[in-house]
file query26.cif (mmCIF, N, CA and C atoms)
data_input
loop_
_atom_site.label_atom_id
_atom_site.label_comp_id
_atom_site.auth_asym_id
_atom_site.auth_seq_id
_atom_site.Cartn_x
_atom_site.Cartn_y
_atom_site.Cartn_z
N MET Z 1 -34.23 161.76 308.13
CA MET Z 1 -33.58 162.85 308.84
C MET Z 1 -33.03 162.33 310.17
N ALA Z 2 -31.80 162.62 310.46
CA ALA Z 2 -31.16 162.15 311.68
C ALA Z 2 -31.62 162.97 312.88
N ASN Z 3 -31.72 162.31 314.03
CA ASN Z 3 -32.05 163.02 315.26
C ASN Z 3 -30.90 163.92 315.66
N VAL Z 4 -31.22 165.06 316.20
CA VAL Z 4 -30.22 165.98 316.70
C VAL Z 4 -30.35 166.00 318.22
N TYR Z 5 -29.26 165.65 318.90
CA TYR Z 5 -29.27 165.59 320.36
C TYR Z 5 -28.41 166.70 320.93
N ASP Z 6 -28.79 167.15 322.11
CA ASP Z 6 -28.05 168.21 322.80
C ASP Z 6 -27.92 167.80 324.26
N VAL Z 7 -26.72 167.40 324.67
CA VAL Z 7 -26.51 166.91 326.04
C VAL Z 7 -26.80 167.95 327.10
N TYR Z 8 -26.89 169.20 326.72
CA TYR Z 8 -27.17 170.26 327.69
C TYR Z 8 -28.67 170.43 327.96
N GLU Z 9 -29.49 169.77 327.16
CA GLU Z 9 -30.94 169.81 327.38
C GLU Z 9 -31.30 168.77 328.42
N ASP Z 10 -32.16 169.15 329.37
CA ASP Z 10 -32.48 168.25 330.49
C ASP Z 10 -33.21 166.98 330.08
N ARG Z 11 -33.88 166.97 328.98
CA ARG Z 11 -34.62 165.78 328.55
C ARG Z 11 -33.90 164.99 327.46
N CYS Z 12 -32.70 165.35 327.17
CA CYS Z 12 -31.95 164.66 326.12
C CYS Z 12 -31.59 163.25 326.57
N PRO Z 13 -31.88 162.24 325.76
CA PRO Z 13 -31.59 160.86 326.16
C PRO Z 13 -30.08 160.58 326.30
N THR Z 14 -29.26 161.44 325.77
CA THR Z 14 -27.81 161.22 325.92
C THR Z 14 -27.38 161.33 327.37
N ARG Z 15 -28.17 162.00 328.20
CA ARG Z 15 -27.85 162.13 329.62
C ARG Z 15 -27.78 160.77 330.30
N MET Z 16 -28.64 159.85 329.87
CA MET Z 16 -28.64 158.50 330.43
C MET Z 16 -27.30 157.81 330.13
N VAL Z 17 -26.80 157.99 328.94
CA VAL Z 17 -25.52 157.39 328.57
C VAL Z 17 -24.39 158.01 329.40
N LEU Z 18 -24.45 159.32 329.57
CA LEU Z 18 -23.43 159.99 330.39
C LEU Z 18 -23.48 159.50 331.84
N ASP Z 19 -24.69 159.34 332.37
CA ASP Z 19 -24.83 158.79 333.72
C ASP Z 19 -24.19 157.42 333.82
N ARG Z 20 -24.42 156.60 332.84
CA ARG Z 20 -23.90 155.23 332.86
C ARG Z 20 -22.38 155.21 332.83
N ILE Z 21 -21.78 155.91 331.87
CA ILE Z 21 -20.32 155.81 331.74
C ILE Z 21 -19.59 156.66 332.76
N ALA Z 22 -20.30 157.57 333.43
CA ALA Z 22 -19.68 158.35 334.49
C ALA Z 22 -19.72 157.62 335.83
N ASP Z 23 -20.45 156.52 335.90
CA ASP Z 23 -20.53 155.72 337.12
C ASP Z 23 -19.20 155.01 337.34
N LYS Z 24 -18.66 155.09 338.57
CA LYS Z 24 -17.34 154.51 338.83
C LYS Z 24 -17.31 153.01 338.57
N TRP Z 25 -18.38 152.30 338.92
CA TRP Z 25 -18.37 150.85 338.71
C TRP Z 25 -18.40 150.52 337.22
N ALA Z 26 -19.21 151.22 336.46
CA ALA Z 26 -19.27 150.98 335.01
C ALA Z 26 -17.91 151.27 334.38
N LEU Z 27 -17.31 152.35 334.79
CA LEU Z 27 -15.99 152.73 334.25
C LEU Z 27 -14.96 151.64 334.53
N LEU Z 28 -14.94 151.14 335.76
CA LEU Z 28 -13.98 150.11 336.12
C LEU Z 28 -14.25 148.80 335.40
N ILE Z 29 -15.52 148.44 335.24
CA ILE Z 29 -15.87 147.21 334.51
C ILE Z 29 -15.44 147.33 333.05
N LEU Z 30 -15.79 148.44 332.42
CA LEU Z 30 -15.42 148.63 331.02
C LEU Z 30 -13.90 148.58 330.83
N ASP Z 31 -13.17 149.16 331.77
CA ASP Z 31 -11.70 149.13 331.67
C ASP Z 31 -11.17 147.71 331.82
N LYS Z 32 -11.76 146.92 332.72
CA LYS Z 32 -11.32 145.53 332.91
C LYS Z 32 -11.58 144.68 331.67
N LEU Z 33 -12.59 145.04 330.89
CA LEU Z 33 -12.97 144.25 329.71
C LEU Z 33 -12.23 144.68 328.45
N ARG Z 34 -11.37 145.68 328.54
CA ARG Z 34 -10.80 146.25 327.31
C ARG Z 34 -9.90 145.30 326.54
N ARG Z 35 -9.32 144.33 327.19
CA ARG Z 35 -8.41 143.42 326.49
C ARG Z 35 -9.06 142.10 326.09
N ASP Z 36 -9.67 141.44 327.05
CA ASP Z 36 -10.22 140.10 326.82
C ASP Z 36 -11.53 139.94 327.56
N PRO Z 37 -12.32 138.92 327.17
CA PRO Z 37 -13.51 138.60 327.95
C PRO Z 37 -13.11 138.22 329.38
N VAL Z 38 -13.98 138.54 330.33
CA VAL Z 38 -13.68 138.28 331.73
C VAL Z 38 -14.90 137.63 332.38
N ARG Z 39 -14.64 136.64 333.22
CA ARG Z 39 -15.71 135.95 333.94
C ARG Z 39 -16.22 136.82 335.08
N PHE Z 40 -17.48 136.61 335.43
CA PHE Z 40 -18.15 137.36 336.49
C PHE Z 40 -17.33 137.32 337.78
N ASN Z 41 -16.96 136.13 338.23
CA ASN Z 41 -16.26 136.00 339.51
C ASN Z 41 -14.90 136.68 339.50
N LEU Z 42 -14.23 136.70 338.36
CA LEU Z 42 -12.95 137.40 338.28
C LEU Z 42 -13.17 138.91 338.39
N LEU Z 43 -14.21 139.43 337.74
CA LEU Z 43 -14.54 140.85 337.89
C LEU Z 43 -14.81 141.18 339.36
N ARG Z 44 -15.57 140.32 340.02
CA ARG Z 44 -15.91 140.55 341.43
C ARG Z 44 -14.66 140.56 342.30
N ARG Z 45 -13.71 139.68 342.01
CA ARG Z 45 -12.47 139.63 342.80
C ARG Z 45 -11.55 140.82 342.50
N GLU Z 46 -11.47 141.21 341.26
CA GLU Z 46 -10.50 142.24 340.85
C GLU Z 46 -10.98 143.66 341.09
N ILE Z 47 -12.28 143.89 341.12
CA ILE Z 47 -12.81 145.24 341.38
C ILE Z 47 -13.16 145.29 342.86
N LYS Z 48 -12.21 145.68 343.65
CA LYS Z 48 -12.36 145.69 345.11
C LYS Z 48 -13.47 146.66 345.53
N GLY Z 49 -14.31 146.19 346.46
CA GLY Z 49 -15.35 147.05 347.02
C GLY Z 49 -16.69 146.95 346.33
N ILE Z 50 -16.77 146.30 345.19
CA ILE Z 50 -18.06 146.17 344.50
C ILE Z 50 -18.77 144.94 345.05
N SER Z 51 -20.03 145.08 345.36
CA SER Z 51 -20.80 143.93 345.84
C SER Z 51 -21.26 143.10 344.65
N GLN Z 52 -21.61 141.87 344.91
CA GLN Z 52 -22.11 140.99 343.86
C GLN Z 52 -23.37 141.59 343.23
N LYS Z 53 -24.23 142.16 344.06
CA LYS Z 53 -25.48 142.75 343.58
C LYS Z 53 -25.21 143.94 342.65
N VAL Z 54 -24.33 144.84 343.07
CA VAL Z 54 -24.03 146.03 342.25
C VAL Z 54 -23.33 145.62 340.97
N LEU Z 55 -22.42 144.64 341.04
CA LEU Z 55 -21.75 144.15 339.84
C LEU Z 55 -22.78 143.60 338.86
N SER Z 56 -23.68 142.77 339.35
CA SER Z 56 -24.71 142.19 338.50
C SER Z 56 -25.60 143.26 337.87
N GLN Z 57 -26.03 144.23 338.68
CA GLN Z 57 -26.89 145.31 338.17
C GLN Z 57 -26.17 146.14 337.12
N THR Z 58 -24.91 146.46 337.38
CA THR Z 58 -24.14 147.30 336.44
C THR Z 58 -23.90 146.55 335.14
N LEU Z 59 -23.57 145.27 335.23
CA LEU Z 59 -23.37 144.48 334.01
C LEU Z 59 -24.64 144.42 333.18
N LYS Z 60 -25.78 144.26 333.81
CA LYS Z 60 -27.05 144.23 333.08
C LYS Z 60 -27.32 145.56 332.39
N LYS Z 61 -27.04 146.66 333.06
CA LYS Z 61 -27.25 147.98 332.45
C LYS Z 61 -26.33 148.18 331.26
N LEU Z 62 -25.08 147.78 331.40
CA LEU Z 62 -24.12 147.93 330.30
C LEU Z 62 -24.50 147.03 329.13
N GLU Z 63 -25.01 145.85 329.43
CA GLU Z 63 -25.47 144.95 328.36
C GLU Z 63 -26.69 145.54 327.67
N ARG Z 64 -27.63 146.08 328.43
CA ARG Z 64 -28.83 146.69 327.86
C ARG Z 64 -28.46 147.86 326.95
N ASP Z 65 -27.43 148.61 327.33
CA ASP Z 65 -26.99 149.75 326.53
C ASP Z 65 -26.19 149.33 325.30
N GLY Z 66 -25.91 148.05 325.16
CA GLY Z 66 -25.17 147.56 324.00
C GLY Z 66 -23.67 147.72 324.10
N LEU Z 67 -23.17 147.97 325.31
CA LEU Z 67 -21.73 148.19 325.49
C LEU Z 67 -20.96 146.91 325.79
N ILE Z 68 -21.63 145.94 326.39
CA ILE Z 68 -20.99 144.65 326.66
C ILE Z 68 -21.93 143.52 326.23
N SER Z 69 -21.35 142.35 326.06
CA SER Z 69 -22.16 141.17 325.78
C SER Z 69 -21.88 140.12 326.84
N ARG Z 70 -22.85 139.29 327.06
CA ARG Z 70 -22.79 138.23 328.07
C ARG Z 70 -22.88 136.90 327.36
N GLN Z 71 -21.98 135.99 327.72
CA GLN Z 71 -22.03 134.65 327.16
C GLN Z 71 -21.98 133.64 328.29
N ALA Z 72 -22.97 132.75 328.32
CA ALA Z 72 -23.04 131.70 329.33
C ALA Z 72 -22.59 130.39 328.70
N PHE Z 73 -21.79 129.64 329.46
CA PHE Z 73 -21.31 128.35 329.01
C PHE Z 73 -21.97 127.25 329.84
N PRO Z 74 -22.39 126.15 329.19
CA PRO Z 74 -23.13 125.09 329.89
C PRO Z 74 -22.21 124.21 330.75
N THR Z 75 -21.70 124.79 331.81
CA THR Z 75 -20.88 124.05 332.75
C THR Z 75 -21.64 123.94 334.07
N VAL Z 76 -21.11 123.17 335.00
CA VAL Z 76 -21.73 123.08 336.32
C VAL Z 76 -20.72 123.57 337.34
N PRO Z 77 -20.94 124.72 338.00
CA PRO Z 77 -22.04 125.65 337.73
C PRO Z 77 -21.81 126.41 336.42
N VAL Z 78 -22.82 127.11 335.96
CA VAL Z 78 -22.73 127.85 334.70
C VAL Z 78 -21.60 128.87 334.79
N THR Z 79 -20.80 128.95 333.74
CA THR Z 79 -19.74 129.94 333.64
C THR Z 79 -20.25 131.07 332.76
N VAL Z 80 -20.10 132.30 333.24
CA VAL Z 80 -20.57 133.47 332.49
C VAL Z 80 -19.38 134.38 332.23
N GLU Z 81 -19.26 134.81 330.98
CA GLU Z 81 -18.17 135.66 330.56
C GLU Z 81 -18.74 136.93 329.94
N TYR Z 82 -18.06 138.04 330.17
CA TYR Z 82 -18.48 139.33 329.62
C TYR Z 82 -17.38 139.87 328.73
N SER Z 83 -17.78 140.53 327.66
CA SER Z 83 -16.82 141.16 326.76
C SER Z 83 -17.42 142.43 326.18
N LEU Z 84 -16.55 143.28 325.67
CA LEU Z 84 -17.01 144.51 325.04
C LEU Z 84 -17.61 144.20 323.68
N THR Z 85 -18.65 144.90 323.33
CA THR Z 85 -19.23 144.83 321.99
C THR Z 85 -18.44 145.81 321.11
N PRO Z 86 -18.66 145.79 319.81
CA PRO Z 86 -18.01 146.80 318.97
C PRO Z 86 -18.32 148.23 319.44
N LEU Z 87 -19.56 148.48 319.88
CA LEU Z 87 -19.90 149.81 320.39
C LEU Z 87 -19.12 150.09 321.67
N GLY Z 88 -19.03 149.12 322.56
CA GLY Z 88 -18.26 149.28 323.78
C GLY Z 88 -16.78 149.54 323.52
N ARG Z 89 -16.26 148.92 322.46
CA ARG Z 89 -14.84 149.12 322.11
C ARG Z 89 -14.54 150.58 321.71
N THR Z 90 -15.57 151.28 321.24
CA THR Z 90 -15.35 152.69 320.87
C THR Z 90 -15.04 153.53 322.10
N LEU Z 91 -15.34 153.02 323.29
CA LEU Z 91 -15.08 153.74 324.54
C LEU Z 91 -13.74 153.37 325.19
N THR Z 92 -13.07 152.35 324.68
CA THR Z 92 -11.88 151.80 325.34
C THR Z 92 -10.85 152.86 325.71
N ASP Z 93 -10.43 153.66 324.76
CA ASP Z 93 -9.39 154.66 325.03
C ASP Z 93 -9.88 155.72 326.02
N THR Z 94 -11.12 156.14 325.86
CA THR Z 94 -11.69 157.16 326.74
C THR Z 94 -11.79 156.66 328.18
N VAL Z 95 -12.30 155.44 328.34
CA VAL Z 95 -12.46 154.85 329.67
C VAL Z 95 -11.11 154.66 330.34
N ALA Z 96 -10.15 154.12 329.61
CA ALA Z 96 -8.81 153.91 330.17
C ALA Z 96 -8.19 155.24 330.56
N ALA Z 97 -8.35 156.25 329.71
CA ALA Z 97 -7.79 157.56 330.02
C ALA Z 97 -8.38 158.13 331.30
N LEU Z 98 -9.69 158.03 331.48
CA LEU Z 98 -10.34 158.53 332.69
C LEU Z 98 -9.89 157.77 333.93
N ALA Z 99 -9.93 156.45 333.84
CA ALA Z 99 -9.57 155.62 335.00
C ALA Z 99 -8.13 155.87 335.43
N HIS Z 100 -7.25 155.93 334.47
CA HIS Z 100 -5.84 156.05 334.80
C HIS Z 100 -5.41 157.50 335.03
N TRP Z 101 -6.21 158.46 334.53
CA TRP Z 101 -5.98 159.86 334.89
C TRP Z 101 -6.12 160.02 336.40
N ALA Z 102 -7.14 159.38 336.95
CA ALA Z 102 -7.38 159.45 338.40
C ALA Z 102 -6.17 158.91 339.16
N GLU Z 103 -5.61 157.81 338.71
CA GLU Z 103 -4.43 157.24 339.37
C GLU Z 103 -3.25 158.20 339.30
N GLY Z 104 -3.05 158.81 338.16
CA GLY Z 104 -1.90 159.69 337.97
C GLY Z 104 -2.03 161.06 338.61
N ASN Z 105 -3.24 161.45 338.94
CA ASN Z 105 -3.46 162.81 339.46
C ASN Z 105 -4.08 162.88 340.84
N ILE Z 106 -4.23 161.74 341.51
CA ILE Z 106 -4.89 161.75 342.81
C ILE Z 106 -4.13 162.58 343.84
N ASP Z 107 -2.80 162.56 343.80
CA ASP Z 107 -2.05 163.36 344.77
C ASP Z 107 -2.35 164.84 344.61
N ALA Z 108 -2.41 165.33 343.37
CA ALA Z 108 -2.71 166.74 343.12
C ALA Z 108 -4.14 167.08 343.55
N VAL Z 109 -5.08 166.17 343.30
CA VAL Z 109 -6.47 166.40 343.69
C VAL Z 109 -6.58 166.46 345.22
N MET Z 110 -5.92 165.53 345.90
CA MET Z 110 -5.97 165.52 347.36
C MET Z 110 -5.30 166.76 347.96
N ALA Z 111 -4.22 167.22 347.34
CA ALA Z 111 -3.56 168.44 347.81
C ALA Z 111 -4.49 169.65 347.62
N ALA Z 112 -5.17 169.70 346.49
CA ALA Z 112 -6.12 170.79 346.24
C ALA Z 112 -7.27 170.75 347.26
N GLN Z 113 -7.74 169.56 347.59
CA GLN Z 113 -8.81 169.43 348.58
C GLN Z 113 -8.36 169.90 349.96
N ARG Z 114 -7.14 169.52 350.34
CA ARG Z 114 -6.61 169.96 351.64
C ARG Z 114 -6.49 171.48 351.68
N ALA Z 115 -5.96 172.07 350.61
CA ALA Z 115 -5.80 173.52 350.55
C ALA Z 115 -7.17 174.21 350.62
N TYR Z 116 -8.14 173.69 349.92
CA TYR Z 116 -9.50 174.25 349.95
C TYR Z 116 -10.08 174.16 351.36
N ASP Z 117 -9.96 172.98 351.96
CA ASP Z 117 -10.51 172.77 353.31
C ASP Z 117 -9.84 173.67 354.32
N GLU Z 118 -8.56 173.91 354.19
CA GLU Z 118 -7.85 174.81 355.11
C GLU Z 118 -8.36 176.25 354.96
N ARG Z 119 -8.64 176.66 353.73
CA ARG Z 119 -9.18 178.00 353.50
C ARG Z 119 -10.59 178.13 354.05
N ALA Z 120 -11.36 177.06 353.94
CA ALA Z 120 -12.76 177.08 354.37
C ALA Z 120 -12.89 177.16 355.89
N VAL Z 121 -11.91 176.67 356.60
CA VAL Z 121 -11.94 176.68 358.07
C VAL Z 121 -11.77 178.08 358.60
N VAL Z 122 -10.99 178.89 357.94
CA VAL Z 122 -10.67 180.25 358.42
C VAL Z 122 -11.85 181.16 358.37
#
call {"tool": "encode", "arguments": {"input": "query26.cif", "output": "C-alpha cells"}}
result
Amino acid sequence: MANVYDVYEDRCPTRMVLDRIADKWALLILDKLRRDPVRFNLLRREIKGISQKVLSQTLKKLERDGLISRQAFPTVPVTVEYSLTPLGRTLTDTVAALAHWAEGNIDAVMAAQRAYDERAVV
C-alpha cells in the first residue's frame, strides 16, 4: 500500500522538501545545474552573495535529498563537480519558471509593495 501524504498536515514529511526547494539558494543552485555539471568554485562565483559555507551546506542538503550528485576528480587540488540527478531533473522546468518569473515580475512586485507601504503610512 502506498503512503498517502498531505502537504497541509503539519507533520507531513513533504514539508521538508518544500522548505528545501523554496530556499532561494537551493533554487538558484538547481537552476544553474539544469544544463551541465558545474564545479563548486564556478557556482560560488556565479551565484552572487552566497557564502562558501552556505553553498557547501545547501549542496550537501540537495545531495542528501537525491536532487544532485557530487563527483570528485583526483586532481591537485581536488576538483568537485555537481550535477542534477534524474530526480532533480524532474524539477528543472519548475525551478527555471520560478527563478525567471521573479526576474520578469519584479517591477510589478516592487510597485505593489510601494503602493501597500503608502497606504499603510496613512
call {"tool": "resolve_selection", "arguments": {"input": "query26.cif", "expression": "the PyMOL selection byres ((chain Z and resi 89-101) around 7)", "output": "PyMOL selection string"}}
result
chain Z and resi 27+30-31+34+67+84-88+102-106
call {"tool": "select_by_dssp", "arguments": {"input": "query26.cif", "residues": "chain Z", "states": "alpha helix (DSSP H)", "output": "PyMOL selection string"}}
result
chain Z and resi 14-22+24-32+40-46+52-64+86-89+92-121
call {"tool": "closest_residue", "arguments": {"input": "query26.cif", "among": "Z:Val121, Z:Ala115, Z:Leu62, Z:Val80", "to": "Asn41 in chain Z", "atoms": "only N, CA and C atoms"}}
result
Z:Val80
call {"tool": "atom_distance", "arguments": {"input": "query26.cif", "atom1": "atom C of Thr75 in chain Z", "atom2": "atom N of Arg44 in chain Z"}}
result
18.5 Å
call {"tool": "resolve_selection", "arguments": {"input": "query26.cif", "expression": "the PyMOL selection byres ((chain Z and resi 70) around 7)", "output": "ChimeraX atom specification"}}
result
/Z:63,68-69,71-72,80-83
call {"tool": "atom_distance", "arguments": {"input": "query26.cif", "atom1": "CA of Ala22 in chain Z", "atom2": "CA of Ser56 in chain Z"}}
result
17.4 Å
call {"tool": "closest_residue", "arguments": {"input": "query26.cif", "among": "Z:Lys60, Z:Arg119, Z:Arg11, Z:Arg45", "to": "Ala26 in chain Z", "atoms": "only C-alpha atoms"}}
result
Z:Lys60
call {"tool": "build_atoms", "arguments": {"input": "query26.cif", "residues": "range 65-76 of chain Z", "atoms": "all heavy atoms", "output": "compact mmCIF listing (two decimals), keeping the file's coordinate frame"}}
result
# COMPACT_ATOMS: atom_id res chain seq x y z
N ASP Z 65 -27.43 148.61 327.33
CA ASP Z 65 -26.99 149.75 326.53
C ASP Z 65 -26.19 149.33 325.30
O ASP Z 65 -25.79 150.18 324.50
CB ASP Z 65 -26.12 150.69 327.38
CG ASP Z 65 -26.92 151.39 328.46
OD1 ASP Z 65 -28.16 151.43 328.38
OD2 ASP Z 65 -26.29 151.91 329.41
N GLY Z 66 -25.91 148.05 325.16
CA GLY Z 66 -25.17 147.56 324.00
C GLY Z 66 -23.67 147.72 324.10
O GLY Z 66 -22.97 147.61 323.10
N LEU Z 67 -23.17 147.97 325.31
CA LEU Z 67 -21.73 148.19 325.49
C LEU Z 67 -20.96 146.91 325.79
O LEU Z 67 -19.76 146.82 325.50
CB LEU Z 67 -21.49 149.22 326.60
CG LEU Z 67 -22.10 150.59 326.34
CD1 LEU Z 67 -21.90 151.50 327.55
CD2 LEU Z 67 -21.54 151.22 325.08
N ILE Z 68 -21.63 145.94 326.39
CA ILE Z 68 -20.99 144.65 326.66
C ILE Z 68 -21.93 143.52 326.23
O ILE Z 68 -23.13 143.72 326.07
CB ILE Z 68 -20.61 144.47 328.15
CG1 ILE Z 68 -21.85 144.41 329.04
CG2 ILE Z 68 -19.65 145.55 328.60
CD1 ILE Z 68 -21.55 143.99 330.47
N SER Z 69 -21.35 142.35 326.06
CA SER Z 69 -22.16 141.17 325.78
C SER Z 69 -21.88 140.12 326.84
O SER Z 69 -20.81 140.09 327.44
CB SER Z 69 -21.88 140.62 324.38
OG SER Z 69 -20.54 140.20 324.28
N ARG Z 70 -22.85 139.29 327.06
CA ARG Z 70 -22.79 138.23 328.07
C ARG Z 70 -22.88 136.90 327.36
O ARG Z 70 -23.76 136.69 326.52
CB ARG Z 70 -23.96 138.40 329.03
CG ARG Z 70 -24.08 137.35 330.09
CD ARG Z 70 -25.39 137.58 330.88
NE ARG Z 70 -25.50 136.70 332.02
CZ ARG Z 70 -25.99 135.47 331.98
NH1 ARG Z 70 -26.43 134.95 330.84
NH2 ARG Z 70 -26.05 134.74 333.09
N GLN Z 71 -21.98 135.99 327.72
CA GLN Z 71 -22.03 134.65 327.16
C GLN Z 71 -21.98 133.64 328.29
O GLN Z 71 -21.07 133.68 329.13
CB GLN Z 71 -20.87 134.42 326.19
CG GLN Z 71 -20.95 133.07 325.50
CD GLN Z 71 -19.91 132.91 324.42
OE1 GLN Z 71 -18.99 133.71 324.29
NE2 GLN Z 71 -20.03 131.85 323.65
N ALA Z 72 -22.97 132.75 328.32
CA ALA Z 72 -23.04 131.70 329.33
C ALA Z 72 -22.59 130.39 328.70
O ALA Z 72 -22.95 130.07 327.57
CB ALA Z 72 -24.46 131.58 329.87
N PHE Z 73 -21.79 129.64 329.46
CA PHE Z 73 -21.31 128.35 329.01
C PHE Z 73 -21.97 127.25 329.84
O PHE Z 73 -22.08 127.38 331.06
CB PHE Z 73 -19.78 128.27 329.16
CG PHE Z 73 -19.06 129.28 328.31
CD1 PHE Z 73 -18.71 130.51 328.85
CD2 PHE Z 73 -18.75 129.02 326.99
CE1 PHE Z 73 -18.05 131.46 328.09
CE2 PHE Z 73 -18.10 129.96 326.21
CZ PHE Z 73 -17.74 131.18 326.76
N PRO Z 74 -22.39 126.15 329.19
CA PRO Z 74 -23.13 125.09 329.89
C PRO Z 74 -22.21 124.21 330.75
O PRO Z 74 -21.96 123.06 330.43
CB PRO Z 74 -23.77 124.31 328.75
CG PRO Z 74 -22.84 124.50 327.59
CD PRO Z 74 -22.27 125.89 327.76
N THR Z 75 -21.70 124.79 331.81
CA THR Z 75 -20.88 124.05 332.75
C THR Z 75 -21.64 123.94 334.07
O THR Z 75 -22.68 124.55 334.23
CB THR Z 75 -19.53 124.75 332.98
OG1 THR Z 75 -19.79 126.08 333.47
CG2 THR Z 75 -18.71 124.83 331.71
N VAL Z 76 -21.11 123.17 335.00
CA VAL Z 76 -21.73 123.08 336.32
C VAL Z 76 -20.72 123.57 337.34
O VAL Z 76 -19.68 122.94 337.52
CB VAL Z 76 -22.15 121.63 336.64
CG1 VAL Z 76 -22.75 121.53 338.02
CG2 VAL Z 76 -23.11 121.10 335.58
